[in-house]
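> This is final_5.txt (compact mmCIF, C-alpha atoms).
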```txt
# COMPACT_ATOMS: atom_id res chain seq x y z
CA MET Z 1 -53.97 4.19 40.82
CA ALA Z 2 -52.05 0.97 41.57
CA ALA Z 3 -53.40 -0.64 38.40
CA ALA Z 4 -52.37 2.38 36.31
CA THR Z 5 -48.90 2.33 37.82
CA GLN Z 6 -48.59 -1.39 37.06
CA VAL Z 7 -49.62 -0.84 33.42
CA TRP Z 8 -47.10 2.03 33.08
CA ASN Z 9 -44.29 -0.14 34.52
CA CYS Z 10 -45.16 -2.92 32.10
CA CYS Z 11 -45.07 -0.55 29.11
CA GLU Z 12 -41.78 0.93 30.28
CA ARG Z 13 -40.19 -2.53 30.61
CA ARG Z 14 -41.33 -3.40 27.10
CA ARG Z 15 -39.88 -0.14 25.75
CA LEU Z 16 -36.53 -0.78 27.43
CA ALA Z 17 -36.51 -4.35 26.13
CA ARG Z 18 -37.07 -3.09 22.57
CA LEU Z 19 -34.18 -0.61 22.92
CA ILE Z 20 -31.82 -3.28 24.21
CA LEU Z 21 -32.82 -5.68 21.44
CA GLY Z 22 -32.38 -2.94 18.87
CA ALA Z 23 -28.87 -2.19 20.13
CA LEU Z 24 -27.91 -5.87 19.97
CA LEU Z 25 -29.23 -6.20 16.44
CA LEU Z 26 -27.43 -3.01 15.41
CA SER Z 27 -24.08 -4.18 16.70
CA GLY Z 28 -24.44 -7.75 15.53
CA VAL Z 29 -23.55 -8.97 19.03
CA ALA Z 30 -24.73 -12.36 20.23
CA GLN Z 31 -23.75 -13.21 23.80
CA THR Z 32 -23.68 -16.65 25.33
CA GLN Z 33 -22.37 -17.93 28.64
CA ALA Z 34 -19.03 -18.78 27.04
CA ALA Z 35 -18.32 -16.01 24.53
CA ILE Z 36 -19.41 -12.90 22.71
CA GLU Z 37 -19.87 -13.32 18.98
CA LEU Z 38 -19.73 -10.30 16.71
CA LYS Z 39 -21.23 -10.75 13.27
CA GLY Z 40 -19.20 -9.10 10.51
CA TRP Z 41 -17.48 -9.56 7.18
CA LEU Z 42 -14.02 -9.95 5.63
CA GLU Z 43 -11.78 -7.15 4.34
CA TRP Z 44 -8.26 -6.88 2.92
CA VAL Z 45 -5.70 -5.71 5.46
CA HIS Z 46 -4.87 -2.90 3.02
CA GLU Z 47 -4.88 -2.12 -0.70
CA VAL Z 48 -2.18 -0.53 -2.85
CA GLN Z 49 -3.30 1.70 -5.72
CA MET Z 50 -0.69 1.45 -8.48
CA ARG Z 51 -0.30 4.13 -11.15
CA VAL Z 52 2.43 5.12 -13.62
CA LEU Z 53 4.45 8.29 -13.11
CA GLU Z 54 4.79 9.39 -16.75
CA ASN Z 55 2.60 9.65 -19.82
CA GLY Z 56 2.81 6.75 -22.22
CA LEU Z 57 1.35 3.77 -24.03
CA VAL Z 58 0.54 0.52 -22.25
CA GLN Z 59 2.66 -2.17 -23.89
CA GLU Z 60 1.65 -5.16 -21.77
CA VAL Z 61 -0.67 -6.01 -18.88
CA ALA Z 62 0.64 -9.27 -17.45
CA VAL Z 63 -2.05 -10.07 -14.87
CA SER Z 64 -5.81 -10.34 -14.46
CA ALA Z 65 -8.11 -9.60 -11.52
CA GLY Z 66 -8.07 -12.39 -8.95
CA GLN Z 67 -4.59 -13.58 -9.90
CA HIS Z 68 -2.11 -14.41 -7.12
CA VAL Z 69 1.47 -13.27 -7.81
CA GLY Z 70 4.75 -13.20 -5.90
CA LYS Z 71 6.78 -10.18 -4.88
CA GLY Z 72 8.54 -8.57 -7.85
CA ALA Z 73 6.29 -10.13 -10.49
CA LEU Z 74 5.55 -7.97 -13.51
CA LEU Z 75 2.06 -6.48 -13.42
CA LEU Z 76 2.16 -3.88 -16.21
CA ARG Z 77 4.74 -2.50 -18.65
CA MET Z 78 4.60 0.80 -20.53
CA ASP Z 79 6.31 1.50 -23.86
CA GLN Z 80 9.99 1.70 -22.86
CA ARG Z 81 11.65 2.95 -26.05
CA GLU Z 82 11.98 6.58 -25.02
CA ALA Z 83 13.17 5.70 -21.52
CA GLN Z 84 15.71 3.24 -22.92
CA ALA Z 85 17.03 5.90 -25.31
CA ARG Z 86 17.55 8.28 -22.37
CA VAL Z 87 19.52 5.59 -20.54
CA LEU Z 88 21.76 5.07 -23.58
CA GLU Z 89 22.31 8.82 -23.91
CA ALA Z 90 23.18 9.12 -20.23
CA ARG Z 91 25.65 6.24 -20.48
CA ALA Z 92 27.33 7.93 -23.44
CA ARG Z 93 27.72 11.11 -21.39
CA VAL Z 94 29.30 9.12 -18.58
CA ALA Z 95 31.75 7.51 -21.00
CA ARG Z 96 32.69 10.90 -22.45
CA SER Z 97 33.11 12.44 -19.00
CA LEU Z 98 35.44 9.60 -17.97
CA VAL Z 99 37.65 10.38 -20.96
CA GLU Z 100 37.69 14.04 -19.95
CA VAL Z 101 38.63 13.07 -16.39
CA GLU Z 102 41.57 11.02 -17.69
CA ASP Z 103 42.72 13.89 -19.94
CA ALA Z 104 42.49 16.34 -17.03
CA ALA Z 105 44.48 13.96 -14.80
CA ARG Z 106 47.25 13.64 -17.39
CA ALA Z 107 47.29 17.42 -17.90
CA LEU Z 108 47.59 17.99 -14.15
CA ALA Z 109 50.43 15.45 -13.86
CA ARG Z 110 52.26 17.18 -16.71
CA ALA Z 111 51.67 20.60 -15.13
CA LYS Z 112 53.08 19.40 -11.79
CA GLU Z 113 56.17 18.04 -13.54
CA LEU Z 114 56.75 21.33 -15.36
CA PHE Z 115 56.12 23.33 -12.20
CA ASP Z 116 58.66 21.23 -10.26
CA ARG Z 117 61.18 21.93 -12.99
CA GLY Z 118 60.39 25.62 -12.77
CA LEU Z 119 59.13 25.84 -16.33
CA ILE Z 120 55.61 27.13 -15.56
CA ALA Z 121 54.16 29.52 -13.01
CA SER Z 122 51.97 28.49 -10.09
CA GLU Z 123 48.93 30.03 -11.86
CA GLU Z 124 49.23 27.48 -14.65
CA LEU Z 125 49.43 24.66 -12.14
CA LYS Z 126 46.31 26.05 -10.45
CA ASP Z 127 44.48 26.14 -13.79
CA ALA Z 128 45.28 22.46 -14.33
CA GLU Z 129 43.99 21.60 -10.86
CA LEU Z 130 40.76 23.51 -11.52
CA ALA Z 131 40.35 21.76 -14.87
CA GLN Z 132 40.64 18.38 -13.17
CA ALA Z 133 38.10 19.39 -10.50
CA ALA Z 134 35.68 20.52 -13.21
CA ALA Z 135 36.13 17.24 -15.09
CA ASN Z 136 35.43 15.25 -11.93
CA ALA Z 137 32.28 17.31 -11.30
CA GLN Z 138 31.10 16.70 -14.85
CA GLU Z 139 31.65 12.96 -14.41
CA GLN Z 140 29.59 12.95 -11.20
CA ALA Z 141 26.80 14.92 -12.88
CA ALA Z 142 26.78 12.48 -15.80
CA ALA Z 143 26.61 9.53 -13.38
CA ALA Z 144 23.66 11.16 -11.58
CA THR Z 145 21.89 11.67 -14.90
CA GLU Z 146 22.43 8.01 -15.75
CA ALA Z 147 21.02 6.94 -12.38
CA ALA Z 148 17.94 9.15 -12.89
CA ALA Z 149 17.41 7.70 -16.37
CA ALA Z 150 17.66 4.18 -14.97
CA VAL Z 151 15.03 5.01 -12.33
CA ALA Z 152 12.77 6.48 -15.02
CA LEU Z 153 13.13 3.23 -16.98
CA GLU Z 154 12.17 1.22 -13.88
CA HIS Z 155 9.07 3.40 -13.49
CA THR Z 156 7.79 2.22 -16.87
CA GLU Z 157 6.93 -1.06 -15.13
CA LEU Z 158 4.59 -1.86 -12.26
CA ARG Z 159 5.75 -4.82 -10.20
CA ALA Z 160 4.20 -6.52 -7.20
CA PRO Z 161 5.49 -4.85 -4.00
CA PHE Z 162 4.79 -8.05 -2.02
CA ASP Z 163 3.11 -11.44 -2.38
CA GLY Z 164 -0.57 -10.80 -2.97
CA ILE Z 165 -3.60 -10.74 -5.20
CA VAL Z 166 -4.66 -8.48 -8.06
CA VAL Z 167 -7.89 -6.94 -6.79
CA ALA Z 168 -8.68 -4.93 -9.93
CA ARG Z 169 -7.17 -4.28 -13.35
CA ASN Z 170 -8.08 -1.03 -15.10
CA ALA Z 171 -5.63 -1.03 -18.03
CA TRP Z 172 -5.34 -2.89 -21.33
CA ASN Z 173 -2.71 -3.26 -24.02
CA GLY Z 174 -2.53 -0.19 -26.25
CA ALA Z 175 -4.21 2.20 -23.81
CA VAL Z 176 -2.80 5.73 -23.71
CA ILE Z 177 -2.14 6.84 -20.14
CA TYR Z 178 -1.78 10.43 -18.94
CA LYS Z 179 -0.27 10.67 -15.49
CA THR Z 180 -2.55 13.58 -14.51
CA LEU Z 181 -5.75 11.84 -15.69
CA GLN Z 182 -5.55 8.51 -13.90
CA GLN Z 183 -8.85 8.63 -12.06
CA GLU Z 184 -8.64 4.93 -11.22
CA PRO Z 185 -5.48 3.00 -10.35
CA LEU Z 186 -4.20 0.90 -13.23
CA ILE Z 187 -3.70 -2.00 -10.83
CA LEU Z 188 -5.27 -2.44 -7.39
CA PHE Z 189 -3.18 -4.85 -5.33
CA ALA Z 190 -3.57 -6.34 -1.85
CA PRO Z 191 -1.75 -8.81 0.39
CA ASP Z 192 -3.74 -12.00 0.83
CA ASP Z 193 -1.66 -13.94 3.35
CA ARG Z 194 -3.69 -12.25 6.10
CA MET Z 195 -7.20 -10.81 6.19
CA LEU Z 196 -9.39 -8.79 8.50
CA ALA Z 197 -12.67 -9.77 10.07
CA ARG Z 198 -14.57 -6.52 10.61
CA ALA Z 199 -17.64 -5.89 12.76
CA LEU Z 200 -19.76 -2.85 13.64
CA VAL Z 201 -20.07 -2.46 17.40
CA PRO Z 202 -21.40 0.14 19.84
CA ILE Z 203 -18.98 2.02 22.08
CA ASN Z 204 -19.60 -0.15 25.15
CA VAL Z 205 -18.54 -3.26 23.21
CA LEU Z 206 -15.58 -1.48 21.61
CA ARG Z 207 -14.23 -0.48 25.03
CA SER Z 208 -14.14 -4.12 26.14
CA PHE Z 209 -11.35 -4.91 23.62
CA GLN Z 210 -7.66 -4.00 23.46
CA PRO Z 211 -5.27 -3.93 20.45
CA GLY Z 212 -3.45 -7.24 20.17
CA GLN Z 213 -6.01 -9.09 22.27
CA ALA Z 214 -6.37 -12.77 21.36
CA VAL Z 215 -9.72 -13.67 19.83
CA LYS Z 216 -11.02 -16.18 17.32
CA VAL Z 217 -12.54 -15.69 13.89
CA ARG Z 218 -15.13 -18.01 12.38
CA VAL Z 219 -14.86 -18.28 8.59
CA ASN Z 220 -16.66 -20.89 6.51
CA GLY Z 221 -17.86 -22.51 9.71
CA ALA Z 222 -14.37 -23.05 11.14
CA LEU Z 223 -12.71 -21.19 14.02
CA ARG Z 224 -9.13 -19.96 13.76
CA GLU Z 225 -6.75 -17.94 15.91
CA ALA Z 226 -6.79 -14.16 15.51
CA ARG Z 227 -5.99 -10.96 17.37
CA ILE Z 228 -7.55 -7.52 17.56
CA TYR Z 229 -5.93 -5.41 14.85
CA SER Z 230 -7.56 -2.00 15.32
CA LEU Z 231 -10.29 -0.22 17.25
CA GLY Z 232 -12.40 2.41 15.51
CA VAL Z 233 -11.68 6.02 16.47
CA GLN Z 234 -14.33 7.84 14.46
CA ALA Z 235 -17.91 6.63 14.34
CA VAL Z 236 -18.99 4.95 11.12
CA ARG Z 237 -22.47 6.31 11.65
CA VAL Z 238 -24.76 7.44 14.44
CA GLU Z 239 -28.03 5.62 14.94
CA ARG Z 240 -30.90 6.42 17.29
CA GLU Z 241 -29.48 3.91 19.74
CA GLY Z 242 -26.00 5.48 19.57
CA ALA Z 243 -22.80 5.56 17.52
CA VAL Z 244 -21.22 2.44 16.03
CA TYR Z 245 -17.54 1.81 15.27
CA TYR Z 246 -15.34 -0.61 13.33
CA LEU Z 247 -13.66 -3.43 15.23
CA ASP Z 248 -11.04 -5.36 13.23
CA ALA Z 249 -9.45 -8.73 13.98
CA ILE Z 250 -6.57 -10.05 11.85
CA PHE Z 251 -5.90 -13.71 11.04
CA GLU Z 252 -3.72 -15.81 8.73
CA ARG Z 253 -5.13 -17.18 5.50
CA ARG Z 254 -4.68 -20.92 5.12
CA PRO Z 255 -2.70 -22.32 2.16
CA ASN Z 256 -4.76 -22.73 -1.01
CA GLU Z 257 -7.67 -20.89 0.63
CA PHE Z 258 -9.30 -18.17 -1.46
CA LEU Z 259 -11.14 -15.65 0.69
CA ARG Z 260 -12.89 -12.58 -0.63
CA PRO Z 261 -13.87 -9.29 1.00
CA SER Z 262 -17.51 -9.07 2.11
CA GLU Z 263 -17.70 -12.77 2.93
CA THR Z 264 -19.48 -13.41 6.22
CA ALA Z 265 -17.30 -13.79 9.30
CA GLN Z 266 -17.67 -13.68 13.06
CA ILE Z 267 -15.32 -12.41 15.75
CA VAL Z 268 -15.57 -14.60 18.84
CA ALA Z 269 -14.21 -13.31 22.14
CA PRO Z 270 -14.19 -15.15 25.49
```
I'd like the structure from this file rewritten - as structure tokens, please.

Amino acid sequence: MAAATQVWNCCERRRLARLILGALLLSGVAQTQAAIELKGWLEWVHEVQMRVLENGLVQEVAVSAGQHVGKGALLLRMDQREAQARVLEARARVARSLVEVEDAARALARAKELFDRGLIASEELKDAELAQAAANAQEQAAAATEAAAAVALEHTELRAPFDGIVVARNAWNGAVIYKTLQQEPLILFAPDDRMLARALVPINVLRSFQPGQAVKVRVNGALREARIYSLGVQAVRVEREGAVYYLDAIFERRPNEFLRPSETAQIVAP
């Protein structure tokens, strides 16, 4: 009986050891006396999917995938002729409305003079006041139309919303774009001054971290300062050993350093 019990205990210890080893391999956690190292990979902090808001013809694509550009740089321009014509038409309406406002103002001044002299009735003065109010309203409406046309003209261009990198380009000169059929973004853009190191960890490891906590990230063999950016809320997947979650650490990219998503990285915590 004692021998059987000893064999069972030995088998049970081996089974528990396999489970623990499996959990460590699943989470990519390597623990030493000094630190915990989480094996992971690099990701962009976020990506911006850029599409046009109106149908049209691509006139120019000014960038290529992998190109670094500054904030405000031109990425893509659609054919602007129709939008420019609408701006010119709106400006003409504004000019005409300003003339009508001036005419209404002169008519009202004349009506007030005649009313003060007792040559017209108060109803005629009221009509002149209403005519001036209508002219002012028309001028404001024309100005709003001009502003909307100017915005529509701006929307014929895609410009970099911040300093970053062109992740993907899905448009070429001469392509016809329908705003309701843009399955892929014309330009995929991401900031590259900072990046994320991401690891898959089990819940017990996730709970040992806090947002903003100082950690280090090892990239290309070198350690650099980082902090915990986000803790996973929903499980990425559920394995036999348990659920695993994303753990993200954010760090600054060094000047002239070109890092790509999916490159190997490690999150090192004391």
> For Val45 (chain Z), which of Z:Trp172, Z:Phe251, Z:Tyr246, Z:Phe115 is the closest residue, counting only C-alpha atoms?
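Looking only at the distances to Val45 (chain Z), the closest residue turns out to be Z:Phe251.
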> Give me the residues within 12 Å of Val233 (chain Z) as a PDB file with C-alpha atoms, keeping the file's coordinate frame, counting only C-alpha atoms and dropping any in the same chain fewer than 3 places off.

```pdb
ATOM      1  CA  VAL Z 201     -20.070  -2.460  17.400  1.00  0.00           C
ATOM      2  CA  PRO Z 202     -21.400   0.140  19.840  1.00  0.00           C
ATOM      3  CA  ILE Z 203     -18.980   2.020  22.080  1.00  0.00           C
ATOM      4  CA  LEU Z 206     -15.580  -1.480  21.610  1.00  0.00           C
ATOM      5  CA  ARG Z 207     -14.230  -0.480  25.030  1.00  0.00           C
ATOM      6  CA  SER Z 230      -7.560  -2.000  15.320  1.00  0.00           C
ATOM      7  CA  VAL Z 236     -18.990   4.950  11.120  1.00  0.00           C
ATOM      8  CA  ARG Z 237     -22.470   6.310  11.650  1.00  0.00           C
ATOM      9  CA  ALA Z 243     -22.800   5.560  17.520  1.00  0.00           C
ATOM     10  CA  VAL Z 244     -21.220   2.440  16.030  1.00  0.00           C
ATOM     11  CA  TYR Z 245     -17.540   1.810  15.270  1.00  0.00           C
ATOM     12  CA  TYR Z 246     -15.340  -0.610  13.330  1.00  0.00           C
ATOM     13  CA  LEU Z 247     -13.660  -3.430  15.230  1.00  0.00           C
ATOM     14  CA  ASP Z 248     -11.040  -5.360  13.230  1.00  0.00           C
TER      15      ASP Z 248
END
```
> Taking into account all atoms listed in the file, which residue in the set Z:Ala142, Z:Ala175, Z:Val268, Z:Ala249 is nearest to Arg96 (chain Z)?
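Of Z:Ala142, Z:Ala175, Z:Val268, Z:Ala249, the one nearest Arg96 (chain Z) is Z:Ala142, counting all atoms listed in the file.
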> Skipping near chain neighbours, those fewer than 6 positions away, what residues fall within 12 Å of region 255-263 of chain Z using all atoms listed in the file, listed as a PyMOL selection string?
chain Z and resi 39-47+66-68+164-167+190-199+218-221
> Quick one, how far is CA of Glu82 (chain Z) from CA of Asn173 (chain Z)?
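Taking CA of Glu82 (chain Z) and CA of Asn173 (chain Z), their separation equals 17.7 Å.
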> Find the residues near region 152-162 of chain Z: any atom within 6 Å, counting only C-alpha atoms, skip ones fewer than 5 places away on the same chain, and give them as a list in words.
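Everything that qualifies: Lys71, Gly72, Ala73, Leu74, Leu75, Leu76, Arg77, Met78 and Ala83 of chain Z.
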> Tell me which of Z:Ile267, Z:Gln132, Z:Gln49, Z:Gly174 sits closest to Ala214 (chain Z), counting all atoms listed in the file.
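Residue with the minimum atom-to-atom distance to Ala214 (chain Z): Z:Ile267.
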> Could you work out how far CA of Pro211 (chain Z) lies from CA of Pro270 (chain Z), giving the answer in Å with one decimal?
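Atom-to-atom, CA of Pro270 (chain Z) to CA of Pro211 (chain Z), that is 15.2 Å.
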> Mind pulling up the distance from CA of Gln234 (chain Z) to CA of Leu200 (chain Z)?
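According to the coordinates, CA of Leu200 (chain Z) and CA of Gln234 (chain Z) are separated by 12.0 Å.
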> Taking all listed atoms of region 234-248 of chain Z, build the axis-aligned box, pad each of the six sides by 3 Å, then write its centre and edge lengths in Å to one decimal as lines of an AutoDock Vina configuration file.

```
center_x = -21.0
center_y = 1.2
center_z = 15.4
size_x = 25.9
size_y = 19.2
size_z = 14.6
```
> Around (37.7, 11.9, -18.1) in the file's frame, which residues reach within 12 Å when counting only C-alpha atoms? Return as a PyMOL selection string?
chain Z and resi 93-107+131-140+142
> Check the smallest atom-to-atom distance from each of Z:Ala269, Z:Ala65, Z:Ala35, Z:Ile177 to Asp79 (chain Z) using only C-alpha atoms, then report the winner.
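Among the listed residues, Z:Ile177 lies closest to Asp79 (chain Z).
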> Please write a file for region 172-256 of chain Z, taken from the block I just shared, that holds C-alpha atoms and is laid out as a PDB file, in the first residue's frame.

```
ATOM      1  CA  TRP Z 172      -3.389  54.694 -57.220  1.00  0.00           C
ATOM      2  CA  ASN Z 173      -3.572  57.593 -59.645  1.00  0.00           C
ATOM      3  CA  GLY Z 174      -6.652  57.387 -61.853  1.00  0.00           C
ATOM      4  CA  ALA Z 175      -8.645  55.062 -59.585  1.00  0.00           C
ATOM      5  CA  VAL Z 176     -12.377  55.755 -59.363  1.00  0.00           C
ATOM      6  CA  ILE Z 177     -13.522  55.853 -55.744  1.00  0.00           C
ATOM      7  CA  TYR Z 178     -17.094  55.409 -54.518  1.00  0.00           C
ATOM      8  CA  LYS Z 179     -17.563  56.510 -50.938  1.00  0.00           C
ATOM      9  CA  THR Z 180     -19.970  53.634 -50.187  1.00  0.00           C
ATOM     10  CA  LEU Z 181     -17.671  50.956 -51.664  1.00  0.00           C
ATOM     11  CA  GLN Z 182     -14.402  51.614 -49.855  1.00  0.00           C
ATOM     12  CA  GLN Z 183     -13.868  48.191 -48.346  1.00  0.00           C
ATOM     13  CA  GLU Z 184     -10.263  49.033 -47.478  1.00  0.00           C
ATOM     14  CA  PRO Z 185      -8.955  52.406 -46.315  1.00  0.00           C
ATOM     15  CA  LEU Z 186      -7.182  54.333 -49.058  1.00  0.00           C
ATOM     16  CA  ILE Z 187      -4.388  55.142 -46.617  1.00  0.00           C
ATOM     17  CA  LEU Z 188      -3.599  53.376 -43.338  1.00  0.00           C
ATOM     18  CA  PHE Z 189      -1.596  55.686 -41.086  1.00  0.00           C
ATOM     19  CA  ALA Z 190      -0.004  55.256 -37.656  1.00  0.00           C
ATOM     20  CA  PRO Z 191       2.119  57.299 -35.252  1.00  0.00           C
ATOM     21  CA  ASP Z 192       5.632  55.922 -35.000  1.00  0.00           C
ATOM     22  CA  ASP Z 193       7.180  58.096 -32.295  1.00  0.00           C
ATOM     23  CA  ARG Z 194       5.960  55.530 -29.756  1.00  0.00           C
ATOM     24  CA  MET Z 195       5.221  51.816 -29.997  1.00  0.00           C
ATOM     25  CA  LEU Z 196       3.692  49.075 -27.913  1.00  0.00           C
ATOM     26  CA  ALA Z 197       5.301  45.906 -26.663  1.00  0.00           C
ATOM     27  CA  ARG Z 198       2.485  43.376 -26.300  1.00  0.00           C
ATOM     28  CA  ALA Z 199       2.492  40.057 -24.454  1.00  0.00           C
ATOM     29  CA  LEU Z 200      -0.072  37.328 -23.790  1.00  0.00           C
ATOM     30  CA  VAL Z 201      -0.335  36.594 -20.076  1.00  0.00           C
ATOM     31  CA  PRO Z 202      -2.593  34.569 -17.774  1.00  0.00           C
ATOM     32  CA  ILE Z 203      -4.854  36.366 -15.311  1.00  0.00           C
ATOM     33  CA  ASN Z 204      -2.561  35.885 -12.317  1.00  0.00           C
ATOM     34  CA  VAL Z 205       0.260  37.694 -14.141  1.00  0.00           C
ATOM     35  CA  LEU Z 206      -2.079  40.403 -15.458  1.00  0.00           C
ATOM     36  CA  ARG Z 207      -3.254  41.210 -11.921  1.00  0.00           C
ATOM     37  CA  SER Z 208       0.317  41.887 -10.810  1.00  0.00           C
ATOM     38  CA  PHE Z 209       0.515  44.994 -13.049  1.00  0.00           C
ATOM     39  CA  GLN Z 210      -1.082  48.446 -12.859  1.00  0.00           C
ATOM     40  CA  PRO Z 211      -1.657  51.052 -15.629  1.00  0.00           C
ATOM     41  CA  GLY Z 212       1.242  53.493 -15.728  1.00  0.00           C
ATOM     42  CA  GLN Z 213       3.584  51.143 -13.878  1.00  0.00           C
ATOM     43  CA  ALA Z 214       7.246  51.584 -14.811  1.00  0.00           C
ATOM     44  CA  VAL Z 215       8.735  48.627 -16.659  1.00  0.00           C
ATOM     45  CA  LYS Z 216      11.407  48.069 -19.280  1.00  0.00           C
ATOM     46  CA  VAL Z 217      11.156  46.806 -22.833  1.00  0.00           C
ATOM     47  CA  ARG Z 218      13.900  44.868 -24.581  1.00  0.00           C
ATOM     48  CA  VAL Z 219      14.048  45.536 -28.327  1.00  0.00           C
ATOM     49  CA  ASN Z 220      16.921  44.469 -30.570  1.00  0.00           C
ATOM     50  CA  GLY Z 221      18.792  43.308 -27.501  1.00  0.00           C
ATOM     51  CA  ALA Z 222      18.687  46.691 -25.737  1.00  0.00           C
ATOM     52  CA  LEU Z 223      16.594  47.688 -22.718  1.00  0.00           C
ATOM     53  CA  ARG Z 224      14.693  50.972 -22.641  1.00  0.00           C
ATOM     54  CA  GLU Z 225      12.299  52.711 -20.269  1.00  0.00           C
ATOM     55  CA  ALA Z 226       8.585  51.985 -20.678  1.00  0.00           C
ATOM     56  CA  ARG Z 227       5.323  51.977 -18.758  1.00  0.00           C
ATOM     57  CA  ILE Z 228       2.250  49.781 -18.717  1.00  0.00           C
ATOM     58  CA  TYR Z 229      -0.179  51.212 -21.263  1.00  0.00           C
ATOM     59  CA  SER Z 230      -3.209  48.923 -20.951  1.00  0.00           C
ATOM     60  CA  LEU Z 231      -4.398  45.734 -19.295  1.00  0.00           C
ATOM     61  CA  GLY Z 232      -6.612  43.335 -21.231  1.00  0.00           C
ATOM     62  CA  VAL Z 233     -10.276  43.254 -20.212  1.00  0.00           C
ATOM     63  CA  GLN Z 234     -11.585  40.505 -22.465  1.00  0.00           C
ATOM     64  CA  ALA Z 235      -9.718  37.254 -22.920  1.00  0.00           C
ATOM     65  CA  VAL Z 236      -7.923  36.820 -26.230  1.00  0.00           C
ATOM     66  CA  ARG Z 237      -8.581  33.110 -26.040  1.00  0.00           C
ATOM     67  CA  VAL Z 238      -9.205  30.397 -23.482  1.00  0.00           C
ATOM     68  CA  GLU Z 239      -6.787  27.503 -23.293  1.00  0.00           C
ATOM     69  CA  ARG Z 240      -6.993  24.323 -21.225  1.00  0.00           C
ATOM     70  CA  GLU Z 241      -4.754  25.967 -18.647  1.00  0.00           C
ATOM     71  CA  GLY Z 242      -6.961  29.079 -18.490  1.00  0.00           C
ATOM     72  CA  ALA Z 243      -7.688  32.381 -20.219  1.00  0.00           C
ATOM     73  CA  VAL Z 244      -4.949  34.659 -21.553  1.00  0.00           C
ATOM     74  CA  TYR Z 245      -5.046  38.451 -21.958  1.00  0.00           C
ATOM     75  CA  TYR Z 246      -3.119  41.245 -23.676  1.00  0.00           C
ATOM     76  CA  LEU Z 247      -0.640  43.243 -21.619  1.00  0.00           C
ATOM     77  CA  ASP Z 248       0.721  46.361 -23.361  1.00  0.00           C
ATOM     78  CA  ALA Z 249       3.739  48.492 -22.464  1.00  0.00           C
ATOM     79  CA  ILE Z 250       4.448  51.754 -24.301  1.00  0.00           C
ATOM     80  CA  PHE Z 251       7.902  53.183 -25.041  1.00  0.00           C
ATOM     81  CA  GLU Z 252       9.505  55.936 -27.128  1.00  0.00           C
ATOM     82  CA  ARG Z 253      11.067  55.125 -30.482  1.00  0.00           C
ATOM     83  CA  ARG Z 254      14.642  56.316 -30.808  1.00  0.00           C
ATOM     84  CA  PRO Z 255      15.590  58.798 -33.572  1.00  0.00           C
ATOM     85  CA  ASN Z 256      16.333  57.154 -36.922  1.00  0.00           C
TER      86      ASN Z 256
END
```
